[in-house]
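K.L.:
mmCIF, C-alpha atoms, saved as upload-v8.cif, coming up:
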data_upload
loop_
_atom_site.group_PDB
_atom_site.id
_atom_site.type_symbol
_atom_site.label_atom_id
_atom_site.label_comp_id
_atom_site.auth_asym_id
_atom_site.auth_seq_id
_atom_site.Cartn_x
_atom_site.Cartn_y
_atom_site.Cartn_z
ATOM 1 C CA MET A 1 -119.225 -193.640 -169.816
ATOM 2 C CA ARG A 2 -120.644 -190.956 -172.035
ATOM 3 C CA ARG A 3 -118.408 -192.037 -174.912
ATOM 4 C CA GLY A 4 -119.545 -195.624 -174.431
ATOM 5 C CA SER A 5 -123.180 -194.528 -174.597
ATOM 6 C CA ARG A 6 -122.505 -192.699 -177.859
ATOM 7 C CA TRP A 7 -120.828 -195.740 -179.386
ATOM 8 C CA PHE A 8 -123.709 -197.925 -178.248
ATOM 9 C CA ALA A 9 -126.248 -195.514 -179.777
ATOM 10 C CA ALA A 10 -124.278 -195.424 -183.028
ATOM 11 C CA LEU A 11 -124.182 -199.209 -183.073
ATOM 12 C CA MET A 12 -127.947 -199.423 -182.587
ATOM 13 C CA ILE A 13 -128.789 -197.047 -185.438
ATOM 14 C CA SER A 14 -126.132 -198.375 -187.819
ATOM 15 C CA PRO A 15 -128.449 -201.020 -189.398
ATOM 16 C CA THR A 16 -131.001 -198.308 -190.157
ATOM 17 C CA LEU A 17 -128.331 -196.040 -191.640
ATOM 18 C CA LEU A 18 -127.020 -198.930 -193.735
ATOM 19 C CA VAL A 19 -130.473 -199.693 -195.130
ATOM 20 C CA LEU A 20 -131.044 -196.005 -195.912
ATOM 21 C CA ALA A 21 -127.690 -195.820 -197.666
ATOM 22 C CA LEU A 22 -128.513 -198.853 -199.813
ATOM 23 C CA VAL A 23 -132.130 -197.918 -200.551
ATOM 24 C CA VAL A 24 -131.893 -194.116 -200.830
ATOM 25 C CA LEU A 25 -128.323 -192.863 -201.118
ATOM 26 C CA TYR A 26 -126.940 -195.406 -203.589
ATOM 27 C CA PRO A 27 -129.792 -195.016 -206.139
ATOM 28 C CA LEU A 28 -129.411 -191.221 -205.969
ATOM 29 C CA VAL A 29 -125.671 -191.395 -206.562
ATOM 30 C CA ALA A 30 -126.143 -193.933 -209.367
ATOM 31 C CA ALA A 31 -128.804 -191.758 -211.018
ATOM 32 C CA ALA A 32 -126.626 -188.652 -210.740
ATOM 33 C CA ARG A 33 -123.753 -190.524 -212.374
ATOM 34 C CA GLU A 34 -125.990 -191.935 -215.112
ATOM 35 C CA SER A 35 -127.212 -188.430 -215.936
ATOM 36 C CA MET A 36 -123.641 -187.514 -216.876
ATOM 37 C CA TYR A 37 -123.225 -190.312 -219.441
ATOM 38 C CA VAL A 38 -124.711 -191.399 -222.758
ATOM 39 C CA ARG A 39 -124.903 -194.914 -224.166
ATOM 40 C CA GLY A 40 -124.922 -196.363 -227.642
ATOM 41 C CA GLU A 41 -123.078 -195.436 -230.801
ATOM 42 C CA GLY A 42 -121.737 -191.963 -231.436
ATOM 43 C CA LEU A 43 -118.849 -189.950 -232.787
ATOM 44 C CA ASP A 44 -115.825 -188.913 -230.792
ATOM 45 C CA ALA A 45 -113.925 -185.627 -231.185
ATOM 46 C CA ASP A 46 -111.996 -187.035 -234.168
ATOM 47 C CA GLY A 47 -115.109 -188.225 -235.985
ATOM 48 C CA PHE A 48 -114.625 -191.940 -235.293
ATOM 49 C CA VAL A 49 -117.564 -194.154 -234.366
ATOM 50 C CA VAL A 50 -117.458 -195.238 -230.728
ATOM 51 C CA GLU A 51 -119.771 -197.543 -228.798
ATOM 52 C CA GLY A 52 -120.629 -198.059 -225.163
ATOM 53 C CA GLU A 53 -120.780 -195.545 -222.345
ATOM 54 C CA ARG A 54 -119.351 -192.052 -222.840
ATOM 55 C CA PHE A 55 -119.087 -189.087 -220.495
ATOM 56 C CA ALA A 56 -121.384 -186.290 -221.644
ATOM 57 C CA GLY A 57 -121.225 -183.817 -218.781
ATOM 58 C CA LEU A 58 -124.373 -181.724 -218.568
ATOM 59 C CA ALA A 59 -125.477 -182.503 -222.132
ATOM 60 C CA ASN A 60 -128.353 -184.675 -220.888
ATOM 61 C CA TYR A 61 -129.736 -181.687 -218.998
ATOM 62 C CA ALA A 62 -130.148 -179.684 -222.208
ATOM 63 C CA GLY A 63 -133.676 -181.060 -222.534
ATOM 64 C CA LEU A 64 -134.726 -179.067 -219.463
ATOM 65 C CA VAL A 65 -135.351 -176.058 -221.700
ATOM 66 C CA GLY A 66 -137.307 -178.099 -224.224
ATOM 67 C CA GLU A 67 -141.050 -177.866 -224.756
ATOM 68 C CA ARG A 68 -141.740 -181.406 -223.615
ATOM 69 C CA PHE A 69 -140.022 -181.013 -220.246
ATOM 70 C CA VAL A 70 -141.616 -177.630 -219.579
ATOM 71 C CA ASN A 71 -145.023 -179.107 -220.407
ATOM 72 C CA ALA A 72 -144.434 -182.087 -218.101
ATOM 73 C CA LEU A 73 -143.331 -179.763 -215.299
ATOM 74 C CA ALA A 74 -146.407 -177.580 -215.787
ATOM 75 C CA ASN A 75 -148.737 -180.608 -215.824
ATOM 76 C CA THR A 76 -147.150 -181.964 -212.653
ATOM 77 C CA THR A 77 -147.543 -178.628 -210.889
ATOM 78 C CA VAL A 78 -151.157 -178.182 -212.027
ATOM 79 C CA PHE A 79 -152.122 -181.689 -210.926
ATOM 80 C CA THR A 80 -150.422 -181.227 -207.563
ATOM 81 C CA VAL A 81 -151.971 -177.844 -206.737
ATOM 82 C CA THR A 82 -155.512 -178.645 -207.875
ATOM 83 C CA THR A 83 -155.805 -182.185 -206.547
ATOM 84 C CA VAL A 84 -154.252 -181.450 -203.155
ATOM 85 C CA ALA A 85 -156.424 -178.348 -202.669
ATOM 86 C CA LEU A 86 -159.631 -180.204 -203.539
ATOM 87 C CA GLU A 87 -158.653 -183.289 -201.546
ATOM 88 C CA THR A 88 -157.902 -181.173 -198.479
ATOM 89 C CA VAL A 89 -161.354 -179.544 -198.521
ATOM 90 C CA LEU A 90 -163.198 -182.798 -199.240
ATOM 91 C CA GLY A 91 -161.026 -184.768 -196.821
ATOM 92 C CA VAL A 92 -161.818 -182.419 -193.937
ATOM 93 C CA ALA A 93 -165.520 -182.634 -194.800
ATOM 94 C CA MET A 94 -165.336 -186.445 -194.876
ATOM 95 C CA ALA A 95 -163.548 -186.496 -191.528
ATOM 96 C CA LEU A 96 -166.220 -184.315 -189.945
ATOM 97 C CA VAL A 97 -168.937 -186.608 -191.309
ATOM 98 C CA MET A 98 -167.186 -189.770 -190.091
ATOM 99 C CA HIS A 99 -166.536 -188.205 -186.694
ATOM 100 C CA GLY A 100 -170.015 -186.802 -186.181
ATOM 101 C CA VAL A 101 -172.195 -189.666 -187.365
ATOM 102 C CA LEU A 102 -173.996 -191.422 -184.505
ATOM 103 C CA ARG A 103 -175.549 -194.507 -186.120
ATOM 104 C CA GLY A 104 -173.911 -196.821 -188.620
ATOM 105 C CA LYS A 105 -170.513 -195.263 -187.949
ATOM 106 C CA GLY A 106 -168.605 -198.307 -189.184
ATOM 107 C CA LEU A 107 -170.628 -198.518 -192.399
ATOM 108 C CA VAL A 108 -170.177 -194.807 -193.134
ATOM 109 C CA ARG A 109 -166.417 -194.948 -192.572
ATOM 110 C CA ALA A 110 -166.028 -198.073 -194.681
ATOM 111 C CA SER A 111 -168.024 -196.607 -197.572
ATOM 112 C CA ILE A 112 -165.992 -193.388 -197.541
ATOM 113 C CA LEU A 113 -162.661 -195.236 -197.442
ATOM 114 C CA ILE A 114 -163.465 -197.695 -200.248
ATOM 115 C CA PRO A 115 -162.111 -195.446 -203.056
ATOM 116 C CA TRP A 116 -158.767 -195.161 -201.300
ATOM 117 C CA ALA A 117 -158.542 -198.958 -200.968
ATOM 118 C CA VAL A 118 -159.050 -199.525 -204.701
ATOM 119 C CA PRO A 119 -155.701 -200.051 -206.530
ATOM 120 C CA THR A 120 -154.779 -197.093 -208.711
ATOM 121 C CA ALA A 121 -154.646 -199.165 -211.911
ATOM 122 C CA ILE A 122 -158.141 -200.537 -211.276
ATOM 123 C CA SER A 123 -159.382 -197.056 -210.447
ATOM 124 C CA GLY A 124 -157.878 -195.744 -213.688
ATOM 125 C CA LEU A 125 -159.577 -198.439 -215.742
ATOM 126 C CA MET A 126 -162.911 -197.727 -214.064
ATOM 127 C CA TRP A 127 -162.691 -193.995 -214.706
ATOM 128 C CA ARG A 128 -161.549 -194.628 -218.277
ATOM 129 C CA TRP A 129 -164.814 -196.495 -218.785
ATOM 130 C CA VAL A 130 -166.756 -193.644 -217.134
ATOM 131 C CA PHE A 131 -165.149 -191.064 -219.424
ATOM 132 C CA GLN A 132 -165.566 -192.956 -222.686
ATOM 133 C CA ALA A 133 -167.383 -191.179 -225.524
ATOM 134 C CA ASP A 134 -170.476 -193.278 -224.774
ATOM 135 C CA GLY A 135 -169.747 -193.537 -221.058
ATOM 136 C CA VAL A 136 -171.519 -192.480 -217.906
ATOM 137 C CA ALA A 137 -170.030 -188.975 -217.741
ATOM 138 C CA ASN A 138 -171.331 -187.933 -221.144
ATOM 139 C CA ALA A 139 -174.695 -189.568 -220.441
ATOM 140 C CA VAL A 140 -175.057 -187.535 -217.237
ATOM 141 C CA ILE A 141 -174.098 -184.150 -218.715
ATOM 142 C CA GLY A 142 -175.795 -184.811 -222.051
ATOM 143 C CA GLU A 143 -172.731 -183.915 -224.132
ATOM 144 C CA LYS A 144 -170.303 -185.806 -226.367
ATOM 145 C CA ILE A 145 -166.948 -184.863 -224.879
ATOM 146 C CA LEU A 146 -163.827 -186.822 -225.854
ATOM 147 C CA TRP A 147 -162.357 -186.991 -222.362
ATOM 148 C CA THR A 148 -159.492 -189.381 -223.168
ATOM 149 C CA THR A 149 -158.027 -187.348 -226.033
ATOM 150 C CA GLU A 150 -155.663 -184.381 -225.996
ATOM 151 C CA GLY A 151 -157.012 -181.267 -224.336
ATOM 152 C CA VAL A 152 -158.082 -179.616 -221.105
ATOM 153 C CA GLN A 153 -160.841 -182.194 -220.683
ATOM 154 C CA ALA A 154 -158.190 -184.901 -220.217
ATOM 155 C CA LYS A 155 -156.626 -182.935 -217.346
ATOM 156 C CA LEU A 156 -160.045 -182.468 -215.781
ATOM 157 C CA ALA A 157 -160.783 -186.203 -216.024
ATOM 158 C CA VAL A 158 -157.504 -187.071 -214.279
ATOM 159 C CA ILE A 159 -158.132 -184.500 -211.545
ATOM 160 C CA ILE A 160 -161.630 -185.863 -210.879
ATOM 161 C CA ALA A 161 -160.375 -189.439 -210.706
ATOM 162 C CA ASP A 162 -157.458 -188.578 -208.413
ATOM 163 C CA VAL A 163 -159.610 -186.529 -206.045
ATOM 164 C CA TRP A 164 -162.175 -189.337 -205.868
ATOM 165 C CA LYS A 165 -159.494 -191.846 -204.964
ATOM 166 C CA THR A 166 -157.274 -189.986 -202.504
ATOM 167 C CA ALA A 167 -159.551 -187.514 -200.690
ATOM 168 C CA PRO A 168 -160.497 -190.339 -198.255
ATOM 169 C CA PHE A 169 -156.793 -190.631 -197.323
ATOM 170 C CA VAL A 170 -156.797 -187.029 -196.135
ATOM 171 C CA GLY A 171 -160.083 -187.673 -194.369
ATOM 172 C CA LEU A 172 -158.635 -190.682 -192.546
ATOM 173 C CA LEU A 173 -155.668 -188.740 -191.152
ATOM 174 C CA VAL A 174 -157.817 -185.766 -190.191
ATOM 175 C CA LEU A 175 -160.264 -188.134 -188.477
ATOM 176 C CA ALA A 176 -157.410 -189.408 -186.313
ATOM 177 C CA GLY A 177 -156.731 -185.814 -185.276
ATOM 178 C CA LEU A 178 -160.391 -185.151 -184.527
ATOM 179 C CA GLN A 179 -160.679 -188.126 -182.226
ATOM 180 C CA ILE A 180 -158.038 -186.824 -179.806
ATOM 181 C CA ILE A 181 -159.759 -183.460 -179.275
ATOM 182 C CA PRO A 182 -161.343 -183.439 -175.772
ATOM 183 C CA THR A 183 -165.125 -183.154 -175.797
ATOM 184 C CA MET A 184 -164.964 -180.639 -172.948
ATOM 185 C CA VAL A 185 -163.506 -178.102 -175.388
ATOM 186 C CA TYR A 186 -166.664 -178.256 -177.503
ATOM 187 C CA GLU A 187 -168.861 -178.162 -174.413
ATOM 188 C CA ALA A 188 -167.105 -174.994 -173.238
ATOM 189 C CA ALA A 189 -167.556 -173.412 -176.678
ATOM 190 C CA LYS A 190 -171.248 -174.285 -176.625
ATOM 191 C CA VAL A 191 -171.665 -172.718 -173.196
ATOM 192 C CA ASP A 192 -169.945 -169.564 -174.474
ATOM 193 C CA GLY A 193 -172.477 -169.375 -177.310
ATOM 194 C CA ALA A 194 -170.087 -170.090 -180.178
ATOM 195 C CA SER A 195 -171.717 -170.877 -183.508
ATOM 196 C CA ALA A 196 -170.921 -173.991 -185.529
ATOM 197 C CA TRP A 197 -168.677 -172.019 -187.881
ATOM 198 C CA GLN A 198 -166.836 -170.325 -184.988
ATOM 199 C CA THR A 199 -166.339 -173.698 -183.322
ATOM 200 C CA PHE A 200 -164.913 -175.167 -186.493
ATOM 201 C CA TRP A 201 -162.684 -172.204 -187.360
ATOM 202 C CA ARG A 202 -161.375 -171.391 -183.878
ATOM 203 C CA ILE A 203 -161.312 -174.821 -182.211
ATOM 204 C CA THR A 204 -161.506 -177.774 -184.597
ATOM 205 C CA LEU A 205 -159.212 -176.489 -187.333
ATOM 206 C CA PRO A 206 -156.361 -175.288 -185.049
ATOM 207 C CA LEU A 207 -156.412 -178.487 -182.984
ATOM 208 C CA VAL A 208 -156.501 -180.759 -186.029
ATOM 209 C CA LYS A 209 -153.825 -178.748 -187.836
ATOM 210 C CA PRO A 210 -150.877 -181.128 -187.104
ATOM 211 C CA ALA A 211 -152.698 -184.107 -188.613
ATOM 212 C CA LEU A 212 -153.867 -181.997 -191.554
ATOM 213 C CA VAL A 213 -150.334 -180.798 -192.271
ATOM 214 C CA VAL A 214 -149.041 -184.377 -192.337
ATOM 215 C CA ALA A 215 -151.867 -185.426 -194.676
ATOM 216 C CA VAL A 216 -151.233 -182.539 -197.067
ATOM 217 C CA LEU A 217 -147.494 -183.176 -197.042
ATOM 218 C CA PHE A 218 -147.936 -186.834 -197.972
ATOM 219 C CA ARG A 219 -150.405 -185.930 -200.710
ATOM 220 C CA VAL A 220 -148.125 -183.253 -202.176
ATOM 221 C CA LEU A 221 -145.221 -185.685 -202.455
ATOM 222 C CA ASP A 222 -147.486 -188.366 -203.912
ATOM 223 C CA ALA A 223 -149.044 -185.982 -206.441
ATOM 224 C CA LEU A 224 -145.632 -184.749 -207.608
ATOM 225 C CA ALA A 225 -144.781 -188.334 -208.536
ATOM 226 C CA MET A 226 -148.098 -188.989 -210.337
ATOM 227 C CA PHE A 227 -147.721 -191.526 -213.140
ATOM 228 C CA ASP A 228 -150.071 -194.506 -213.173
ATOM 229 C CA LEU A 229 -153.462 -192.776 -213.138
ATOM 230 C CA PRO A 230 -152.923 -190.586 -216.264
ATOM 231 C CA PHE A 231 -151.118 -193.469 -217.963
ATOM 232 C CA VAL A 232 -154.011 -195.911 -217.470
ATOM 233 C CA MET A 233 -156.836 -193.418 -218.021
ATOM 234 C CA ILE A 234 -155.588 -191.330 -220.942
ATOM 235 C CA GLY A 235 -152.709 -193.334 -222.366
ATOM 236 C CA ARG A 236 -149.011 -193.112 -223.088
ATOM 237 C CA GLY A 237 -147.409 -190.022 -224.565
ATOM 238 C CA LYS A 238 -150.450 -187.739 -224.251
ATOM 239 C CA PHE A 239 -149.087 -184.183 -224.142
ATOM 240 C CA SER A 240 -152.003 -182.876 -222.076
ATOM 241 C CA VAL A 241 -151.424 -185.170 -219.099
ATOM 242 C CA GLU A 242 -147.748 -186.146 -219.340
ATOM 243 C CA THR A 243 -146.069 -185.656 -215.972
ATOM 244 C CA LEU A 244 -142.405 -185.645 -215.008
ATOM 245 C CA SER A 245 -142.607 -189.268 -213.844
ATOM 246 C CA ALA A 246 -144.178 -190.264 -217.164
ATOM 247 C CA LEU A 247 -141.440 -188.392 -219.027
ATOM 248 C CA VAL A 248 -138.744 -190.234 -217.067
ATOM 249 C CA TRP A 249 -140.437 -193.570 -217.779
ATOM 250 C CA ASP A 250 -140.796 -192.832 -221.489
ATOM 251 C CA GLU A 251 -137.147 -191.833 -221.854
ATOM 252 C CA ALA A 252 -136.018 -194.971 -220.011
ATOM 253 C CA THR A 253 -138.175 -197.270 -222.156
ATOM 254 C CA GLN A 254 -136.605 -195.678 -225.241
ATOM 255 C CA LEU A 255 -133.200 -196.676 -223.786
ATOM 256 C CA ARG A 256 -132.216 -193.039 -223.296
ATOM 257 C CA TYR A 257 -131.017 -193.631 -219.756
ATOM 258 C CA GLY A 258 -128.953 -190.461 -219.522
ATOM 259 C CA PRO A 259 -131.827 -188.030 -220.162
ATOM 260 C CA ALA A 260 -134.150 -190.195 -218.049
ATOM 261 C CA ALA A 261 -131.741 -189.977 -215.126
ATOM 262 C CA ALA A 262 -131.348 -186.234 -215.644
ATOM 263 C CA TYR A 263 -135.107 -185.689 -215.579
ATOM 264 C CA GLY A 264 -135.363 -187.937 -212.523
ATOM 265 C CA ILE A 265 -132.740 -185.898 -210.672
ATOM 266 C CA VAL A 266 -134.631 -182.703 -211.490
ATOM 267 C CA LEU A 267 -137.873 -184.265 -210.240
ATOM 268 C CA ILE A 268 -136.206 -185.269 -206.974
ATOM 269 C CA ALA A 269 -134.775 -181.763 -206.585
ATOM 270 C CA TYR A 270 -138.214 -180.275 -207.253
ATOM 271 C CA MET A 271 -139.784 -182.510 -204.606
ATOM 272 C CA ALA A 272 -137.002 -181.658 -202.144
ATOM 273 C CA LEU A 273 -137.559 -177.941 -202.737
ATOM 274 C CA ILE A 274 -141.306 -178.247 -202.157
ATOM 275 C CA LEU A 275 -140.672 -180.319 -199.023
ATOM 276 C CA PHE A 276 -138.172 -177.764 -197.701
ATOM 277 C CA VAL A 277 -140.547 -174.834 -198.247
ATOM 278 C CA PHE A 278 -143.436 -176.798 -196.773
ATOM 279 C CA VAL A 279 -141.538 -177.727 -193.617
ATOM 280 C CA ARG A 280 -140.043 -174.261 -193.203
ATOM 281 C CA LEU A 281 -143.408 -172.532 -193.452
ATOM 282 C CA LEU A 282 -145.824 -174.926 -191.753
ATOM 283 C CA GLY A 283 -143.343 -176.868 -189.613
ATOM 284 C CA ALA A 284 -142.160 -173.717 -187.866
ATOM 285 C CA ASP A 285 -145.771 -172.698 -187.316
ATOM 286 C CA LEU A 286 -146.537 -176.026 -185.681
ATOM 287 C CA LEU A 287 -143.496 -175.736 -183.412
ATOM 288 C CA ALA A 288 -144.593 -172.261 -182.342
ATOM 289 C CA ASP A 289 -148.085 -173.571 -181.542
ATOM 290 C CA ALA A 290 -146.631 -176.437 -179.503
ATOM 291 C CA ARG A 291 -144.380 -174.069 -177.550
ATOM 292 C CA SER A 292 -147.257 -171.698 -176.821
ATOM 293 C CA ARG A 293 -149.439 -174.547 -175.567
ATOM 294 C CA LYS A 294 -146.556 -175.790 -173.416
ATOM 295 C CA GLY A 295 -146.078 -172.327 -171.971
ATOM 296 C CA GLN A 296 -149.765 -171.990 -171.178
ATOM 297 C CA ALA A 297 -149.717 -175.350 -169.421
#
Any chance you could put this one into structure tokens?
P.N.:
Amino acid sequence: MRRGSRWFAALMISPTLLVLALVVLYPLVAAARESMYVRGEGLDADGFVVEGERFAGLANYAGLVGERFVNALANTTVFTVTTVALETVLGVAMALVMHGVLRGKGLVRASILIPWAVPTAISGLMWRWVFQADGVANAVIGEKILWTTEGVQAKLAVIIADVWKTAPFVGLLVLAGLQIIPTMVYEAAKVDGASAWQTFWRITLPLVKPALVVAVLFRVLDALAMFDLPFVMIGRGKFSVETLSALVWDEATQLRYGPAAAYGIVLIAYMALILFVFVRLLGADLLADARSRKGQA
């Protein structure tokens, strides 16, 4: 009977496993294979011209020590760390505002979530207009900064635009966590004389931590794959804002599929490493909190 139950369970999950194999596993295997080959004309070991697909081993990974790849990796890391940190702080603040407002709650929530609903390409075009030489940003600060050219100012423009767009996403997930906190917990804290900061730090933040961790995890993975916002705002091939995804796209459009696949594999490995560290550090912490609460109950 137990064996029959196992076979039945395997049969039920087999469609899901098949879809995952086709959508996730096959592209990964195909990309790994492509990273080992080169296409086009070349010379063989005897000096004869050969065409088509040729095995190149790890030759396509030689670009990993090049300046362009190192720059793209650094840009990706900088964008991820800065945007996620700022979005986490602003997202929590937005969630507290949406949760605490008494009148016009629907209007406040809708206005805060509008930036997240705007398509990224449209958002990039809007911010490109804001950061033009004669745009709104320069008019406000009273300077003539060339935001959309090479330099640190281009990074700053992308960070501002990304934080504006995706901080509401963090706020939305944190708001969901806030709404399941019992009001009696806050009433007990008020009776005990806890200040607003003590209530936030010792009650709200620990109880909303699971939702916050999920929000940060999603944002980290999304930021590591950043492509469209810098591409639309600043342009193609800009050294200051080129990310790993943009590097993969540029190599593929130049028909250098081998290096593009190699860079893509490295990007996936980088994301997997970040995900592993994230889950090991914060996931274990969440499990410990859940076990302690279960033991207290």
K.L.:
Could you tell me how far atom CA of A:Ala189 lies from atom CA of A:Met94, in Å and to one decimal?
P.N.:
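Between these atoms lies a distance of 22.5 Å.
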K.L.:
Taking all atoms listed in the file into account, which of A:Gly142, A:Ile274, A:Ile180, A:Pro115 comes nearest A:Pro210?
P.N.:
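Of all the options, A:Ile180 lies closest to A:Pro210.
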K.L.:
Smallest atom-to-atom distance to A:Trp164: which of A:Ser14, A:Gln179, A:Thr120, A:Thr148, using all atoms listed in the file?
P.N.:
A:Thr120
K.L.:
Dump as JSON lines the rows for residues of stretch 75-140 of chain A within 12 Å of stretch 157-162 of chain A: closest atom pair and distance in Å with one decimal, all atoms listed in the file counted, ordered by chain and rising residue number.
P.N.:
{"residue": "A:Asn75", "atom": "CA", "partner": "A:Val158", "partner_atom": "CA", "distance": 11.0}
{"residue": "A:Thr76", "atom": "CA", "partner": "A:Ile159", "partner_atom": "CA", "distance": 11.3}
{"residue": "A:Val78", "atom": "CA", "partner": "A:Ile159", "partner_atom": "CA", "distance": 9.4}
{"residue": "A:Phe79", "atom": "CA", "partner": "A:Ile159", "partner_atom": "CA", "distance": 6.7}
{"residue": "A:Thr80", "atom": "CA", "partner": "A:Ile159", "partner_atom": "CA", "distance": 9.3}
{"residue": "A:Val81", "atom": "CA", "partner": "A:Ile159", "partner_atom": "CA", "distance": 10.3}
{"residue": "A:Thr82", "atom": "CA", "partner": "A:Ile159", "partner_atom": "CA", "distance": 7.4}
{"residue": "A:Thr83", "atom": "CA", "partner": "A:Ile159", "partner_atom": "CA", "distance": 6.0}
{"residue": "A:Val84", "atom": "CA", "partner": "A:Asp162", "partner_atom": "CA", "distance": 9.4}
{"residue": "A:Ala85", "atom": "CA", "partner": "A:Ile159", "partner_atom": "CA", "distance": 10.9}
{"residue": "A:Leu86", "atom": "CA", "partner": "A:Ile159", "partner_atom": "CA", "distance": 9.2}
{"residue": "A:Glu87", "atom": "CA", "partner": "A:Asp162", "partner_atom": "CA", "distance": 8.7}
{"residue": "A:Pro115", "atom": "CA", "partner": "A:Asp162", "partner_atom": "CA", "distance": 9.9}
{"residue": "A:Trp116", "atom": "CA", "partner": "A:Asp162", "partner_atom": "CA", "distance": 9.8}
{"residue": "A:Val118", "atom": "CA", "partner": "A:Asp162", "partner_atom": "CA", "distance": 11.7}
{"residue": "A:Pro119", "atom": "CA", "partner": "A:Asp162", "partner_atom": "CA", "distance": 11.8}
{"residue": "A:Thr120", "atom": "CA", "partner": "A:Asp162", "partner_atom": "CA", "distance": 8.9}
{"residue": "A:Ala121", "atom": "CA", "partner": "A:Ala161", "partner_atom": "CA", "distance": 11.4}
{"residue": "A:Ile122", "atom": "CA", "partner": "A:Ala161", "partner_atom": "CA", "distance": 11.3}
{"residue": "A:Ser123", "atom": "CA", "partner": "A:Ala161", "partner_atom": "CA", "distance": 7.7}
{"residue": "A:Gly124", "atom": "CA", "partner": "A:Ala161", "partner_atom": "CA", "distance": 7.4}
{"residue": "A:Leu125", "atom": "CA", "partner": "A:Ala161", "partner_atom": "CA", "distance": 10.3}
{"residue": "A:Met126", "atom": "CA", "partner": "A:Ala161", "partner_atom": "CA", "distance": 9.3}
{"residue": "A:Trp127", "atom": "CA", "partner": "A:Ala161", "partner_atom": "CA", "distance": 6.5}
{"residue": "A:Arg128", "atom": "CA", "partner": "A:Ala157", "partner_atom": "CA", "distance": 8.8}
{"residue": "A:Trp129", "atom": "CA", "partner": "A:Ala157", "partner_atom": "CA", "distance": 11.4}
{"residue": "A:Val130", "atom": "CA", "partner": "A:Ala157", "partner_atom": "CA", "distance": 9.6}
{"residue": "A:Phe131", "atom": "CA", "partner": "A:Ala157", "partner_atom": "CA", "distance": 7.4}
{"residue": "A:Gln132", "atom": "CA", "partner": "A:Ala157", "partner_atom": "CA", "distance": 10.6}
{"residue": "A:Ala137", "atom": "CA", "partner": "A:Ala157", "partner_atom": "CA", "distance": 9.8}
{"residue": "A:Asn138", "atom": "CA", "partner": "A:Ala157", "partner_atom": "CA", "distance": 11.9}
K.L.:
Counting all atoms listed in the file, what are the residues of stretch 101-150 of chain A within 12 Å of stretch 240-248 of chain A, and for each of them which pair of atoms is the nearest and at what distance in Å, to one decimal? Sort the table by chain and rising number, as a tab-separated table.
P.N.:
residue	atom	partner	partner_atom	distance
A:Trp147	CA	A:Ser240	CA	11.1
A:Thr148	CA	A:Val241	CA	10.0
A:Thr149	CA	A:Ser240	CA	8.5
A:Glu150	CA	A:Ser240	CA	5.6
K.L.:
Quick one: apply the PyMOL selection byres ((chain A and resi 175) around 10) to the file and drop the selected residues here as a ChimeraX atom specification.
P.N.:
/A:91-99,169-174,176-180,208,211-212
K.L.:
For stretch 250-263 of chain A, please output as a CSV table (one decimal) with C-alpha atoms, keeping the file's coordinate frame all residues within 6 Å (counting all atoms listed in the file; exclusion window: fewer than 2 positions along the same chain).
P.N.:
chain,number,residue,atom,x,y,z
A,31,ALA,CA,-128.8,-191.8,-211.0
A,34,GLU,CA,-126.0,-191.9,-215.1
A,35,SER,CA,-127.2,-188.4,-215.9
A,37,TYR,CA,-123.2,-190.3,-219.4
A,38,VAL,CA,-124.7,-191.4,-222.8
A,60,ASN,CA,-128.4,-184.7,-220.9
A,61,TYR,CA,-129.7,-181.7,-219.0
A,247,LEU,CA,-141.4,-188.4,-219.0
A,248,VAL,CA,-138.7,-190.2,-217.1
A,265,ILE,CA,-132.7,-185.9,-210.7
A,266,VAL,CA,-134.6,-182.7,-211.5
K.L.:
For atom CA of A:Thr166 and atom CA of A:Arg219, determine how far apart the two atoms are, in Å to one decimal place.
P.N.:
8.2 Å
K.L.:
When you draw a straight line from atom CA of A:Phe278 to atom CA of A:Met226, how long is it in Å?
P.N.:
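Answer for the atom CA of A:Phe278 to atom CA of A:Met226 separation: 18.8 Å.
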K.L.:
Please determine, counting only C-alpha atoms, which residue among A:Gly135, A:Gly57, A:Pro168, A:Gly264 has the shortest atom-to-atom distance to A:Ser111.
P.N.:
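When distances to A:Ser111 are compared using only C-alpha atoms, the smallest one comes from A:Pro168.
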K.L.:
Considering all atoms listed in the file, state which residue in the set A:Arg109, A:Lys209, A:Arg68, A:Lys238 is at the smallest distance from A:Lys155.
P.N.:
A:Lys238
